[in-house]
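Here the structure is laid out as structure tokens; the discussion comes afterwards.
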Amino acid sequence: MTLGHQIAWDDTVLPFQLDTSDIRGRVARLDGVLDGVLKQHNYPPAIEALVAEMALLTALIGQTVKLRWKLSLQVQAKGAVRMIATDYYGPEKEGEPARIRAYATYDADLLTDAAPFDQIGEGYFAIMIDQGKGMQPYQGITPLDGGSLAACAAAYFAQSEQLPTRFALSYGKSTQPGVSEHWRAGGIMVQHMPKASPLMAKGEGSGDVLQASDLLEHDTEENWNRVNVLMDTVEEMELIGPTVPPNDLLVRLFHDEQPRVYDTQPIRFGCTCSEDRVRQSLSIYSAGDIATMTTEDGRVTADCQFCGAHYDLDPATVGFEAEKDARD
């Protein structure tokens with residue numbers, strides 16, 4: 001695989017379908033996107049790993065949202081990690097890239113040498129979809145369970161969408177010769193598309209948090225199990241993909257399942273913050289409220305947690321009581 005081909009596949013999501021199994025999926029490769037997300041912050045390695053995993057999940061899940069829709073993934077927790085938030089903005093037009101942004105909050109004093117997921121503790125995993133102005137936002141929540149964010153996402157689809165789902169992810173710092181060290185990630189997501197299992201209506205299953213196996217009937221279970229066995233053979237370096245194109249990976253894994261690929265979706269790091277948005281968010285406050293936000297230097301400041309942008313505003317120009325001449 002040439003460097004040119006590698007770059008062409010970086011920061012893309014490739015949708016596919018396994019014709020013999022009634023299973024669809026996506027392959028994602030992230031490189032510059034993760035660099036854009038992580039260079040805005042000075043996270044410890046465990047937090048970087050969690051943000052990288054969350055961004056990769058967001059890319060894989062977000063590829064299905066429509067133009068101009070927004071998909072958000074969020075973890076709220078009580079451990080050293082307090083929150084991880086990601087946003088996926090669907091393309092404005094066909095053929096344009098989607099955009100991802102992400103950040104995390106954490107208590108550095110509570111971090112340990114344990115695995116990244118163990119830094120989270122109790123909490124929940126949420127997926128939210130904003131379909132645009134005039135539409136009711138959708139939100140689904142599942143407990144944090146399963147030992148990884150990918151397991152939490154799979155449990156969400158089983159519980160909230162009744163879709164058997166499996167993720168295989170790999171992420172870490174790339175140390176290729178002649179290339180500066182940077183984060184890179186890759187993964188596969190597969191979903192079975194049958195109707196909900198009759199077990200759902202009876203309230204049966206393996207427990208409070210449903211798993212993919214709870215949703216499969218006899219005639220679909222064989223297909224799902226076969227594809228999962230094939231997924232188990234994937235290697236981490238194949239997922240990250242410095243040398244293996246997604247097409248080659250799909251043929252290697254699923255040749256007998258007749259994989260069919262569709263158009264790739266490019267992804268870029270991108271933030272939607274702006275001075276106008278900051279002013280709009282402050283427009284609900286009175287002059288008295290704005291006074292409490294004003295610094296000793298006589299300014300109102302705001303920082304974007306996603307991209308680190310800093311906004312410095314004259315307090316006379318913000319709030320619903322601001323004078324028009326001052327705003328202009």
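We label chains A, B, ... in the order they appear in the structure tokens, count residues from 1 in each chain, and number ligands from 1 in the order shown.
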What are the nearest atom pairs, with distances in Å to one decimal, for all residues of segment 11-67 of chain A that come at most 9 Å from segment 297-315 of chain A, using only C-alpha atoms, set out by chain and rising residue number as a Markdown table?
| residue | atom | partner | partner_atom | distance |
| --- | --- | --- | --- | --- |
| A:Gly36 | CA | A:Cys307 | CA | 8.4 |
| A:Val37 | CA | A:Cys307 | CA | 7.3 |
| A:Lys39 | CA | A:Cys307 | CA | 8.9 |
| A:Gln40 | CA | A:Cys307 | CA | 5.7 |
| A:His41 | CA | A:Gly308 | CA | 7.7 |
TODO: Give the strand (DSSP E) residues of segment 106-279 of chain A, as DSSP finds them on the backbone, and put them as JSON, numbers by chain.
DONE: {"A": [106, 123, 124, 125, 126, 127, 128, 129, 130, 138, 139, 140, 141, 142, 143, 165, 166, 167, 168, 169, 170, 171, 172, 173, 174, 182, 183, 184, 185, 186, 187, 188, 189, 190, 191, 192, 259, 260, 261, 265, 266, 267, 268, 269]}
Task: All residues 12 Å or closer to Ala102 of chain A, only C-alpha atoms, same chain fewer than 3 positions away omitted, as a VMD selection string - done: chain A and resid 33 to 41 47 to 48 50 to 59 71 to 75 83 to 89 99 105 269 to 272 304 to 308
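Omitting Lys133 of chain A and its sequence neighbours fewer than 5 positions away, and counting only C-alpha atoms, the residues within 12 Å are Arg68, Trp69 and Lys70 of chain A.
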Writer output for current selection, all heavy atoms, as an mmCIF file, in the first residue's frame:
data_model
loop_
_atom_site.group_PDB
_atom_site.id
_atom_site.type_symbol
_atom_site.label_atom_id
_atom_site.label_comp_id
_atom_site.auth_asym_id
_atom_site.auth_seq_id
_atom_site.Cartn_x
_atom_site.Cartn_y
_atom_site.Cartn_z
ATOM 1 N N ARG A 68 -26.736 17.456 7.491
ATOM 2 C CA ARG A 68 -26.977 18.537 8.444
ATOM 3 C C ARG A 68 -27.508 18.048 9.789
ATOM 4 O O ARG A 68 -27.825 18.852 10.641
ATOM 5 C CB ARG A 68 -27.906 19.608 7.846
ATOM 6 C CG ARG A 68 -27.296 20.346 6.659
ATOM 7 C CD ARG A 68 -28.256 21.374 6.099
ATOM 8 N NE ARG A 68 -29.426 20.744 5.511
ATOM 9 C CZ ARG A 68 -29.439 20.225 4.285
ATOM 10 N NH1 ARG A 68 -28.356 20.265 3.538
ATOM 11 N NH2 ARG A 68 -30.527 19.681 3.794
ATOM 12 N N TRP A 69 -27.610 16.748 10.002
ATOM 13 C CA TRP A 69 -27.978 16.242 11.317
ATOM 14 C C TRP A 69 -26.749 16.244 12.218
ATOM 15 O O TRP A 69 -25.614 16.263 11.761
ATOM 16 C CB TRP A 69 -28.537 14.834 11.227
ATOM 17 C CG TRP A 69 -29.938 14.751 10.702
ATOM 18 C CD1 TRP A 69 -30.615 15.699 9.990
ATOM 19 C CD2 TRP A 69 -30.820 13.638 10.822
ATOM 20 N NE1 TRP A 69 -31.867 15.257 9.669
ATOM 21 C CE2 TRP A 69 -32.026 13.983 10.166
ATOM 22 C CE3 TRP A 69 -30.719 12.382 11.416
ATOM 23 C CZ2 TRP A 69 -33.111 13.119 10.099
ATOM 24 C CZ3 TRP A 69 -31.797 11.515 11.348
ATOM 25 C CH2 TRP A 69 -32.981 11.881 10.696
ATOM 26 N N LYS A 70 -27.013 16.193 13.503
ATOM 27 C CA LYS A 70 -25.931 16.148 14.492
ATOM 28 C C LYS A 70 -26.140 14.937 15.395
ATOM 29 O O LYS A 70 -27.228 14.734 15.935
ATOM 30 C CB LYS A 70 -25.925 17.427 15.331
ATOM 31 C CG LYS A 70 -24.933 17.415 16.498
ATOM 32 C CD LYS A 70 -25.123 18.676 17.338
ATOM 33 C CE LYS A 70 -24.300 18.626 18.614
ATOM 34 N NZ LYS A 70 -24.574 19.805 19.476
#
Open item on the list: I want to know what sits within 6 Å of Leu144 of chain A, based on only C-alpha atoms, with residues of the same chain fewer than 3 positions away left out; could you give that as a PyMOL selection string?
Closed with: chain A and resi 123-125+152
Store the residues of this selection in a file with all heavy atoms, as a PDB file, in the first residue's frame.
ATOM      1  N   GLY A 123     -21.842   5.258  35.934  1.00  0.00           N
ATOM      2  CA  GLY A 123     -22.379   6.336  35.126  1.00  0.00           C
ATOM      3  C   GLY A 123     -23.233   5.809  34.000  1.00  0.00           C
ATOM      4  O   GLY A 123     -23.759   4.698  34.077  1.00  0.00           O
ATOM      5  N   TYR A 124     -23.369   6.593  32.954  1.00  0.00           N
ATOM      6  CA  TYR A 124     -24.183   6.157  31.818  1.00  0.00           C
ATOM      7  C   TYR A 124     -23.559   6.593  30.506  1.00  0.00           C
ATOM      8  O   TYR A 124     -22.739   7.508  30.443  1.00  0.00           O
ATOM      9  CB  TYR A 124     -25.620   6.679  31.934  1.00  0.00           C
ATOM     10  CG  TYR A 124     -25.771   8.185  31.829  1.00  0.00           C
ATOM     11  CD1 TYR A 124     -25.795   8.829  30.589  1.00  0.00           C
ATOM     12  CD2 TYR A 124     -25.916   8.972  32.965  1.00  0.00           C
ATOM     13  CE1 TYR A 124     -25.936  10.198  30.481  1.00  0.00           C
ATOM     14  CE2 TYR A 124     -26.062  10.353  32.867  1.00  0.00           C
ATOM     15  CZ  TYR A 124     -26.071  10.959  31.629  1.00  0.00           C
ATOM     16  OH  TYR A 124     -26.208  12.321  31.528  1.00  0.00           O
ATOM     17  N   PHE A 125     -23.966   5.887  29.467  1.00  0.00           N
ATOM     18  CA  PHE A 125     -23.543   6.149  28.085  1.00  0.00           C
ATOM     19  C   PHE A 125     -24.782   6.599  27.323  1.00  0.00           C
ATOM     20  O   PHE A 125     -25.826   5.947  27.395  1.00  0.00           O
ATOM     21  CB  PHE A 125     -22.970   4.870  27.476  1.00  0.00           C
ATOM     22  CG  PHE A 125     -22.546   4.982  26.036  1.00  0.00           C
ATOM     23  CD1 PHE A 125     -21.241   5.293  25.706  1.00  0.00           C
ATOM     24  CD2 PHE A 125     -23.454   4.753  25.016  1.00  0.00           C
ATOM     25  CE1 PHE A 125     -20.848   5.366  24.379  1.00  0.00           C
ATOM     26  CE2 PHE A 125     -23.068   4.825  23.687  1.00  0.00           C
ATOM     27  CZ  PHE A 125     -21.756   5.142  23.372  1.00  0.00           C
ATOM     28  N   CYS A 152     -20.222  -0.630  25.761  1.00  0.00           N
ATOM     29  CA  CYS A 152     -21.350   0.217  26.152  1.00  0.00           C
ATOM     30  C   CYS A 152     -22.188   0.592  24.931  1.00  0.00           C
ATOM     31  O   CYS A 152     -23.430   0.590  24.983  1.00  0.00           O
ATOM     32  CB  CYS A 152     -20.854   1.484  26.844  1.00  0.00           C
ATOM     33  SG  CYS A 152     -20.029   1.207  28.416  1.00  0.00           S
TER      34      CYS A 152
END
Open item on the list: For segment 247-259 of chain A, find every residue with an atom within 7 Å (counting only C-alpha atoms), except residues of its own chain fewer than 6 positions away, and show them as a PyMOL selection string.
Closed with: chain A and resi 16-21+230-231+238
- [ ] Go through segment 12-260 of chain A and collect every residue that DSSP, computed from the backbone, puts in alpha helix (DSSP H); the answer should be as a VMD selection string.
- [x] chain A and resid 32 to 38 45 to 62 149 to 156 198 to 202 218 to 231 236 to 240 246 to 254
